[in-house]
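Take a look at the structure set out below.
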Number of protein chains: 2
Amino acid sequence: VLLVRRPVGIPQPQDFALDTVAVPPPGDGEILVRNIYLSVDPAQRGWAADVSNYSDPVALNGPMRALAVGQVIESNAEGVDSGTYIYGWLGWQDYTVITPSAILTRIEAPTVPLSAYAGPLGINGMTAWLALSTIGRPAPGETVLVSTAAGAVGSIVGQLARRTGCTPIGLTGDDAKAARCVERFGYDRAINYKAGDVGAAIARAAPDGIHVFFDNVGGEILDVVLRQMQTGGRIVQCGTASVASWSPPPTGPRVEREVLTRRLNWGGFVIFDHAARFSETAHALAEMIRNGELTYEEEIEIGIEGAPGALARLYAGENQGKKLIFIG
Amino acid sequence: VLLVRRPVGIPQPQDFALDTVAVPPPGDGEILVRNIYLSVDPAQRGWAADVSNYSDPVALNGPMRALAVGQVIESNAEGVDSGTYIYGWLGWQDYTVITPSAILTRIEAPTVPLSAYAGPLGINGMTAWLALSTIGRPAPGETVLVSTAAGAVGSIVGQLARRTGCTPIGLTGDDAKAARCVERFGYDRAINYKAGDVGAAIARAAPDGIHVFFDNVGGEILDVVLRQMQTGGRIVQCGTASVASWSPPPTGPRVEREVLTRRLNWGGFVIFDHAARFSETAHALAEMIRNGELTYEEEIEIGIEGAPGALARLYAGENQGKKLIFIG
């Protein structure tokens, strides 16, 4: 799946094209991987954009950058055996030739279903765990508000916050998702932000204010929540999914007075800064899944032909659970 | 000096009135203080405003809340001797009856000029020290940008950052202040933000970006600096002096993408949260003044009649150094 046009805002199907080429043999120090589960992540929008970001833009007419789970089928790299499953930078393609530096996690012997390594044990689960613990720092008894609460990250944040003894409150875009937040993901209550005045609904759900806001959306929801933060509250900025375009940057009510008078601590989180902790975090999350302490949902499409439209569908909020593409 | 009208934006002389009443005798547990140096602080604008803030609004037709240095002239409170100098919540008035809870610092035996206890050893110096060390956390070699760099707080931040081995860069509103920043306050260079494109000037002064922004102004300067922060940079929000009115909140370019992609850590600082550290901090700063390691400037007006117009003059940036009113 090639990126053939620089997306304006949310990547659309026409920004991509399918192309077929021969599988190249792996060179010295390289490995050939057969991809199995392609990951669809909100962050791919930023990777495909032209504007400076935390990573270089994906090259035009090159394969779309993506995480995936695959299996090594031929290895010329020391220490990587043929047959090993891996999670890493495999791209939206059927086969990939990489060096070992593209591997995020080696899956020596899968102890949970393979697809989980691209979801709750992949960047989604690791983001939930590491962003909550390093920036959110929730204490027992605190109120933790989470946007995109039924999503691949938010569904795990709710469960982790609950486990810490907090009161997690979810924000999500429809009533069915709100119900799943409460029934499955540990949320004390969940708010459909499309069903009326979200500020009033948050104030009813958390009359004493919010201690930790785990925000994946930015925009107007952030504007409202900033003004309901507790003194000394923490905001984890993990995504800005609700803002359709950043060039030029849209305007909003100024925030510095809220930061000052509420003594907020507002931090940006990008999972790839924390590679040193991936392995221990994935291990801890796998343990929780095996023990039945952590549940997750996934929505698996079949066939790489679905990839070009997958981000537009993801941003439309149509998916239920972590979005993956199974190719084989 | 009574607050007789709720200020809209910056407090103006007409918002205050002078009134003369008999000095009341101190009751049981109270002390009578003769005020000497009244402090003029940007934060008084917030205290006088109607909107919720980190402290209750000053009552209309009551004395204006203010810090000051004074001398106890009659004490009915245990442990407070007549003759002691104190720094605390004495208000803009000639005499004050308080309980000991209004005292921030007891000045047992002044070792530096008495006025310094309302400036570099008062909330200004303590803010510089504690906000820089708890939120800014500058490491040697880092670039520290400071707004209102020649002011009562900024002039100390520059010297503390220099002492840590950082490169402090000052933003200030005229060339004379910029020169003083470099000559007296430890700044490597200083920018007159009124003298052209401030963003370009900052980029020239700090081509690799800003590690710590110690911000007292907010507004357009903050908008510009946010987009020149280093990855992992810290913003200390200590004031919002450049924003004339917060009701309704003015708009500006949205910030959440900068917080996210630059992994910023943005914290609000209010000095009164840190009362437990006042005494040790004032002691350390006094030591630095005595050793010639810390310099400060003050601009002392004479006579309480100047108080009603003092905040308007402060916000106009006319003062040179910490603004005090000497009454006695």
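Residue numbering restarts at 1 in every chain; chains get A, B, ... in the order shown in the structure tokens, and ligands count up from 1 in that same order.
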Task: Neighbour list for Leu285 (chain A) as a ChimeraX atom specification, cut-off 9 Å, only C-alpha atoms, skip fewer than 2 positions in-chain - done: /A:120-121,125-126,129,280-283,287-290,294
Task: In region 126-252 of chain A, DSSP alpha helix (DSSP H) residues written as a ChimeraX atom specification - done: /A:126-131,154-163,175-184,198-205,219-226
Could you turn the residues from that selection into a file that holds N, CA and C atoms, as a compact mmCIF listing (two decimals), in the first residue's frame?
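Okay, part_1.txt is ready:
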```txt
# COMPACT_ATOMS: atom_id res chain seq x y z
N MET A 126 0.83 -0.30 25.63
CA MET A 126 2.02 0.30 26.25
C MET A 126 1.82 1.79 26.45
N THR A 127 1.11 2.44 25.52
CA THR A 127 0.80 3.86 25.70
C THR A 127 -0.09 4.05 26.92
N ALA A 128 -1.12 3.22 27.03
CA ALA A 128 -2.03 3.33 28.17
C ALA A 128 -1.23 3.23 29.47
N TRP A 129 -0.42 2.23 29.58
CA TRP A 129 0.32 1.96 30.81
C TRP A 129 1.35 3.06 31.10
N LEU A 130 2.18 3.36 30.11
CA LEU A 130 3.31 4.25 30.36
C LEU A 130 2.87 5.72 30.45
N ALA A 131 1.91 6.13 29.63
CA ALA A 131 1.46 7.54 29.71
C ALA A 131 0.72 7.78 31.02
N GLY A 154 -7.87 3.86 25.15
CA GLY A 154 -8.77 4.22 26.24
C GLY A 154 -9.37 3.03 26.95
N SER A 155 -9.65 1.95 26.22
CA SER A 155 -10.26 0.78 26.84
C SER A 155 -9.30 0.15 27.86
N ILE A 156 -8.01 0.36 27.66
CA ILE A 156 -7.03 -0.18 28.61
C ILE A 156 -6.79 0.81 29.75
N VAL A 157 -6.80 2.12 29.43
CA VAL A 157 -6.62 3.12 30.49
C VAL A 157 -7.70 2.96 31.56
N GLY A 158 -8.94 2.75 31.12
CA GLY A 158 -10.03 2.58 32.09
C GLY A 158 -9.75 1.44 33.05
N GLN A 159 -9.31 0.33 32.51
CA GLN A 159 -9.06 -0.84 33.36
C GLN A 159 -7.87 -0.61 34.29
N LEU A 160 -6.83 0.05 33.78
CA LEU A 160 -5.65 0.31 34.63
C LEU A 160 -6.00 1.31 35.74
N ALA A 161 -6.80 2.34 35.39
CA ALA A 161 -7.17 3.33 36.41
C ALA A 161 -8.03 2.68 37.49
N ARG A 162 -8.95 1.83 37.07
CA ARG A 162 -9.81 1.11 38.02
C ARG A 162 -8.97 0.27 38.97
N ARG A 163 -7.98 -0.39 38.40
CA ARG A 163 -7.08 -1.26 39.17
C ARG A 163 -6.29 -0.46 40.21
N ASP A 175 -23.78 5.67 22.28
CA ASP A 175 -24.29 5.03 23.49
C ASP A 175 -23.81 3.58 23.64
N ALA A 176 -23.66 2.90 22.51
CA ALA A 176 -23.21 1.51 22.59
C ALA A 176 -21.79 1.45 23.14
N LYS A 177 -20.94 2.37 22.66
CA LYS A 177 -19.57 2.40 23.19
C LYS A 177 -19.56 2.79 24.67
N ALA A 178 -20.41 3.74 25.03
CA ALA A 178 -20.48 4.14 26.44
C ALA A 178 -20.86 2.94 27.30
N ALA A 179 -21.80 2.14 26.82
CA ALA A 179 -22.21 0.96 27.59
C ALA A 179 -21.05 -0.02 27.72
N ARG A 180 -20.30 -0.22 26.65
CA ARG A 180 -19.16 -1.16 26.72
C ARG A 180 -18.09 -0.65 27.69
N CYS A 181 -17.90 0.68 27.72
CA CYS A 181 -16.92 1.24 28.67
C CYS A 181 -17.23 0.78 30.09
N VAL A 182 -18.50 0.86 30.45
CA VAL A 182 -18.89 0.52 31.82
C VAL A 182 -18.91 -1.00 32.02
N GLU A 183 -19.43 -1.70 31.01
CA GLU A 183 -19.58 -3.16 31.17
C GLU A 183 -18.25 -3.91 31.08
N ARG A 184 -17.36 -3.40 30.22
CA ARG A 184 -16.16 -4.19 29.95
C ARG A 184 -14.85 -3.55 30.37
N VAL A 198 -21.63 18.39 26.73
CA VAL A 198 -20.64 17.49 27.33
C VAL A 198 -20.07 18.08 28.62
N GLY A 199 -19.92 19.40 28.66
CA GLY A 199 -19.41 20.04 29.88
C GLY A 199 -20.33 19.78 31.07
N ALA A 200 -21.61 19.93 30.84
CA ALA A 200 -22.58 19.70 31.92
C ALA A 200 -22.57 18.23 32.33
N ALA A 201 -22.44 17.36 31.34
CA ALA A 201 -22.43 15.93 31.66
C ALA A 201 -21.20 15.56 32.48
N ILE A 202 -20.06 16.15 32.15
CA ILE A 202 -18.84 15.87 32.93
C ILE A 202 -19.00 16.41 34.35
N ALA A 203 -19.57 17.61 34.46
CA ALA A 203 -19.76 18.22 35.78
C ALA A 203 -20.69 17.36 36.64
N ARG A 204 -21.68 16.75 36.02
CA ARG A 204 -22.57 15.87 36.78
C ARG A 204 -21.83 14.59 37.20
N ALA A 205 -21.03 14.06 36.28
CA ALA A 205 -20.32 12.81 36.57
C ALA A 205 -19.18 13.01 37.56
N GLY A 219 -9.03 19.60 21.02
CA GLY A 219 -10.19 20.33 20.52
C GLY A 219 -11.16 20.77 21.59
N GLU A 220 -12.43 20.83 21.22
CA GLU A 220 -13.43 21.42 22.11
C GLU A 220 -13.63 20.64 23.41
N ILE A 221 -13.44 19.34 23.36
CA ILE A 221 -13.56 18.56 24.59
C ILE A 221 -12.46 18.96 25.56
N LEU A 222 -11.26 19.12 25.05
CA LEU A 222 -10.15 19.59 25.89
C LEU A 222 -10.47 20.97 26.48
N ASP A 223 -11.03 21.87 25.66
CA ASP A 223 -11.38 23.21 26.15
C ASP A 223 -12.31 23.13 27.36
N VAL A 224 -13.27 22.25 27.26
CA VAL A 224 -14.26 22.09 28.33
C VAL A 224 -13.63 21.46 29.57
N VAL A 225 -12.82 20.44 29.36
CA VAL A 225 -12.25 19.72 30.51
C VAL A 225 -11.22 20.56 31.25
N LEU A 226 -10.43 21.34 30.50
CA LEU A 226 -9.44 22.22 31.14
C LEU A 226 -10.08 23.05 32.24
```
Show me, as CSV, the residues of chain B having an atom within 6 Å of chain A, each with the closest atom pair and its distance in Å, using only C-alpha atoms.
```
residue,atom,partner,partner_atom,distance
B:Tyr54,CA,A:Thr261,CA,5.6
B:Gln237,CA,A:Leu260,CA,5.6
B:Pro249,CA,A:Pro253,CA,5.8
B:Pro250,CA,A:Pro253,CA,5.8
B:Thr251,CA,A:Pro253,CA,4.2
B:Gly252,CA,A:Thr251,CA,5.1
B:Pro253,CA,A:Thr251,CA,4.2
B:Arg254,CA,A:Thr251,CA,5.0
B:Val259,CA,A:Gly268,CA,5.0
B:Leu260,CA,A:Gly268,CA,3.9
B:Thr261,CA,A:Tyr54,CA,5.6
B:Arg263,CA,A:Gly268,CA,4.1
B:Leu264,CA,A:Gly268,CA,5.4
B:Asn265,CA,A:Gly267,CA,4.4
B:Trp266,CA,A:Trp266,CA,5.0
B:Gly267,CA,A:Asn265,CA,4.4
B:Gly268,CA,A:Leu260,CA,3.9
B:Phe269,CA,A:Arg263,CA,5.7
```
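Comparing the minimum interatomic distances between Gly9 (chain B) and each of B:Trp89, B:Tyr117, B:Phe326, B:Tyr315, counting only C-alpha atoms, we find that B:Tyr315 sits nearest.
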Task: Within 7 Å of Ala118 (chain A) using only C-alpha atoms, minus same-chain residues under 2 positions, as a PyMOL selection string - done: chain A and resi 39+68-69+87+115-116+120-122
Write the selection just made, keeping C-alpha atoms, as an mmCIF file, in the first residue's frame?
```
data_model
loop_
_atom_site.group_PDB
_atom_site.id
_atom_site.type_symbol
_atom_site.label_atom_id
_atom_site.label_comp_id
_atom_site.auth_asym_id
_atom_site.auth_seq_id
_atom_site.Cartn_x
_atom_site.Cartn_y
_atom_site.Cartn_z
ATOM 1 C CA SER A 39 -2.089 -2.303 12.626
ATOM 2 C CA ALA A 68 2.334 -5.072 12.266
ATOM 3 C CA VAL A 69 2.792 -8.549 13.608
ATOM 4 C CA TYR A 87 5.947 -6.858 16.216
ATOM 5 C CA SER A 115 -3.271 -10.325 17.276
ATOM 6 C CA ALA A 116 -2.969 -9.035 20.864
ATOM 7 C CA PRO A 120 -3.081 -4.380 24.061
ATOM 8 C CA LEU A 121 0.524 -5.653 24.038
ATOM 9 C CA GLY A 122 1.528 -3.270 21.241
#
```
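Distances to Ile169 (chain A) were evaluated for A:Ala48, A:Leu90, A:Leu114, A:Ile210 using only C-alpha atoms, and the minimum falls at A:Ile210.
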Task: Test item: residues at most 7 Å from Gly141 (chain B), only C-alpha atoms, excluding those fewer than 4 positions along its chain, as a PyMOL selection string - done: chain B and resi 165-167
Find the residues near Ala49 (chain A): any atom within 12 Å, counting only C-alpha atoms, skip ones fewer than 2 places away on the same chain, and give them as a PDB file with N, CA and C atoms, in the first residue's frame.
```pdb
ATOM      1  N   LEU A   3       1.741   5.306  -0.278  1.00  0.00           N
ATOM      2  CA  LEU A   3       1.190   6.649  -0.043  1.00  0.00           C
ATOM      3  C   LEU A   3       1.474   7.451  -1.309  1.00  0.00           C
ATOM      4  N   VAL A   4       0.430   7.785  -2.049  1.00  0.00           N
ATOM      5  CA  VAL A   4       0.664   8.430  -3.350  1.00  0.00           C
ATOM      6  C   VAL A   4       0.304   9.906  -3.341  1.00  0.00           C
ATOM      7  N   ARG A   5      -0.318  10.368  -2.277  1.00  0.00           N
ATOM      8  CA  ARG A   5      -0.699  11.773  -2.208  1.00  0.00           C
ATOM      9  C   ARG A   5      -0.591  12.203  -0.755  1.00  0.00           C
ATOM     10  N   ARG A   6      -0.089  13.405  -0.516  1.00  0.00           N
ATOM     11  CA  ARG A   6       0.055  13.899   0.849  1.00  0.00           C
ATOM     12  C   ARG A   6      -1.350  14.214   1.375  1.00  0.00           C
ATOM     13  N   PRO A   7      -1.812  13.538   2.408  1.00  0.00           N
ATOM     14  CA  PRO A   7      -3.191  13.774   2.873  1.00  0.00           C
ATOM     15  C   PRO A   7      -3.374  15.192   3.422  1.00  0.00           C
ATOM     16  N   VAL A   8      -4.562  15.717   3.185  1.00  0.00           N
ATOM     17  CA  VAL A   8      -4.968  16.968   3.831  1.00  0.00           C
ATOM     18  C   VAL A   8      -5.932  16.558   4.937  1.00  0.00           C
ATOM     19  N   GLY A   9      -5.497  16.722   6.196  1.00  0.00           N
ATOM     20  CA  GLY A   9      -6.329  16.253   7.305  1.00  0.00           C
ATOM     21  C   GLY A   9      -6.278  14.737   7.405  1.00  0.00           C
ATOM     22  N   ILE A  10      -7.449  14.127   7.576  1.00  0.00           N
ATOM     23  CA  ILE A  10      -7.527  12.668   7.751  1.00  0.00           C
ATOM     24  C   ILE A  10      -7.188  11.970   6.431  1.00  0.00           C
ATOM     25  N   PRO A  11      -6.285  10.988   6.421  1.00  0.00           N
ATOM     26  CA  PRO A  11      -5.963  10.272   5.188  1.00  0.00           C
ATOM     27  C   PRO A  11      -7.198   9.564   4.600  1.00  0.00           C
ATOM     28  N   ASP A  15      -5.656   8.684  -1.124  1.00  0.00           N
ATOM     29  CA  ASP A  15      -4.264   9.048  -0.831  1.00  0.00           C
ATOM     30  C   ASP A  15      -3.323   7.843  -0.977  1.00  0.00           C
ATOM     31  N   ALA A  43      -1.996   7.511  14.920  1.00  0.00           N
ATOM     32  CA  ALA A  43      -0.729   8.219  14.712  1.00  0.00           C
ATOM     33  C   ALA A  43      -0.276   8.184  13.256  1.00  0.00           C
ATOM     34  N   GLN A  44      -0.816   7.248  12.472  1.00  0.00           N
ATOM     35  CA  GLN A  44      -0.400   7.171  11.061  1.00  0.00           C
ATOM     36  C   GLN A  44      -0.743   8.443  10.291  1.00  0.00           C
ATOM     37  N   ARG A  45      -1.790   9.132  10.735  1.00  0.00           N
ATOM     38  CA  ARG A  45      -2.116  10.413  10.127  1.00  0.00           C
ATOM     39  C   ARG A  45      -0.932  11.373  10.227  1.00  0.00           C
ATOM     40  N   GLY A  46      -0.323  11.435  11.389  1.00  0.00           N
ATOM     41  CA  GLY A  46       0.824  12.325  11.575  1.00  0.00           C
ATOM     42  C   GLY A  46       2.025  11.876  10.752  1.00  0.00           C
ATOM     43  N   TRP A  47       2.224  10.554  10.662  1.00  0.00           N
ATOM     44  CA  TRP A  47       3.370  10.051   9.899  1.00  0.00           C
ATOM     45  C   TRP A  47       3.223  10.387   8.415  1.00  0.00           C
ATOM     46  N   VAL A  51       3.842  18.135   7.528  1.00  0.00           N
ATOM     47  CA  VAL A  51       4.362  19.035   8.556  1.00  0.00           C
ATOM     48  C   VAL A  51       5.254  18.279   9.532  1.00  0.00           C
ATOM     49  N   SER A  52       6.179  19.005  10.126  1.00  0.00           N
ATOM     50  CA  SER A  52       7.128  18.369  11.027  1.00  0.00           C
ATOM     51  C   SER A  52       6.380  17.743  12.188  1.00  0.00           C
ATOM     52  N   ASN A  53       6.854  16.605  12.599  1.00  0.00           N
ATOM     53  CA  ASN A  53       6.193  15.811  13.617  1.00  0.00           C
ATOM     54  C   ASN A  53       7.289  15.137  14.398  1.00  0.00           C
ATOM     55  N   TYR A  54       6.958  14.155  15.214  1.00  0.00           N
ATOM     56  CA  TYR A  54       8.003  13.488  15.965  1.00  0.00           C
ATOM     57  C   TYR A  54       8.722  12.431  15.141  1.00  0.00           C
ATOM     58  N   SER A  55       8.328  12.252  13.889  1.00  0.00           N
ATOM     59  CA  SER A  55       9.073  11.345  13.016  1.00  0.00           C
ATOM     60  C   SER A  55       9.060  11.939  11.610  1.00  0.00           C
ATOM     61  N   ASP A  56       9.974  11.505  10.775  1.00  0.00           N
ATOM     62  CA  ASP A  56      10.017  12.017   9.404  1.00  0.00           C
ATOM     63  C   ASP A  56       8.752  11.617   8.664  1.00  0.00           C
ATOM     64  N   PRO A  57       8.292  12.472   7.745  1.00  0.00           N
ATOM     65  CA  PRO A  57       7.100  12.103   6.977  1.00  0.00           C
ATOM     66  C   PRO A  57       7.370  10.858   6.122  1.00  0.00           C
ATOM     67  N   VAL A  58       6.347  10.048   5.926  1.00  0.00           N
ATOM     68  CA  VAL A  58       6.440   8.908   5.011  1.00  0.00           C
ATOM     69  C   VAL A  58       6.735   9.448   3.612  1.00  0.00           C
ATOM     70  N   ALA A  59       7.659   8.799   2.910  1.00  0.00           N
ATOM     71  CA  ALA A  59       8.005   9.248   1.555  1.00  0.00           C
ATOM     72  C   ALA A  59       6.821   9.031   0.607  1.00  0.00           C
ATOM     73  N   LEU A  60       6.585   9.995  -0.274  1.00  0.00           N
ATOM     74  CA  LEU A  60       5.526   9.830  -1.271  1.00  0.00           C
ATOM     75  C   LEU A  60       5.907   8.700  -2.223  1.00  0.00           C
ATOM     76  N   MET A  64       3.340   2.621   2.936  1.00  0.00           N
ATOM     77  CA  MET A  64       2.836   3.334   4.098  1.00  0.00           C
ATOM     78  C   MET A  64       3.436   2.736   5.356  1.00  0.00           C
ATOM     79  N   ARG A  65       3.969   3.635   6.207  1.00  0.00           N
ATOM     80  CA  ARG A  65       4.544   3.214   7.479  1.00  0.00           C
ATOM     81  C   ARG A  65       3.442   2.651   8.384  1.00  0.00           C
ATOM     82  N   SER A 245      -7.535  19.451  11.007  1.00  0.00           N
ATOM     83  CA  SER A 245      -6.342  19.899  10.299  1.00  0.00           C
ATOM     84  C   SER A 245      -5.559  20.874  11.162  1.00  0.00           C
ATOM     85  N   TRP A 246      -4.252  20.791  11.072  1.00  0.00           N
ATOM     86  CA  TRP A 246      -3.374  21.661  11.865  1.00  0.00           C
ATOM     87  C   TRP A 246      -2.701  22.731  11.023  1.00  0.00           C
ATOM     88  N   SER A 247      -2.989  22.766   9.739  1.00  0.00           N
ATOM     89  CA  SER A 247      -2.347  23.835   8.981  1.00  0.00           C
ATOM     90  C   SER A 247      -3.410  24.593   8.197  1.00  0.00           C
TER      91      SER A 247
END
```
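Nearest residue to Tyr95 (chain B) among B:Ala312, B:Ala77, B:Val23, B:Leu145 is B:Val23, counting only C-alpha atoms.
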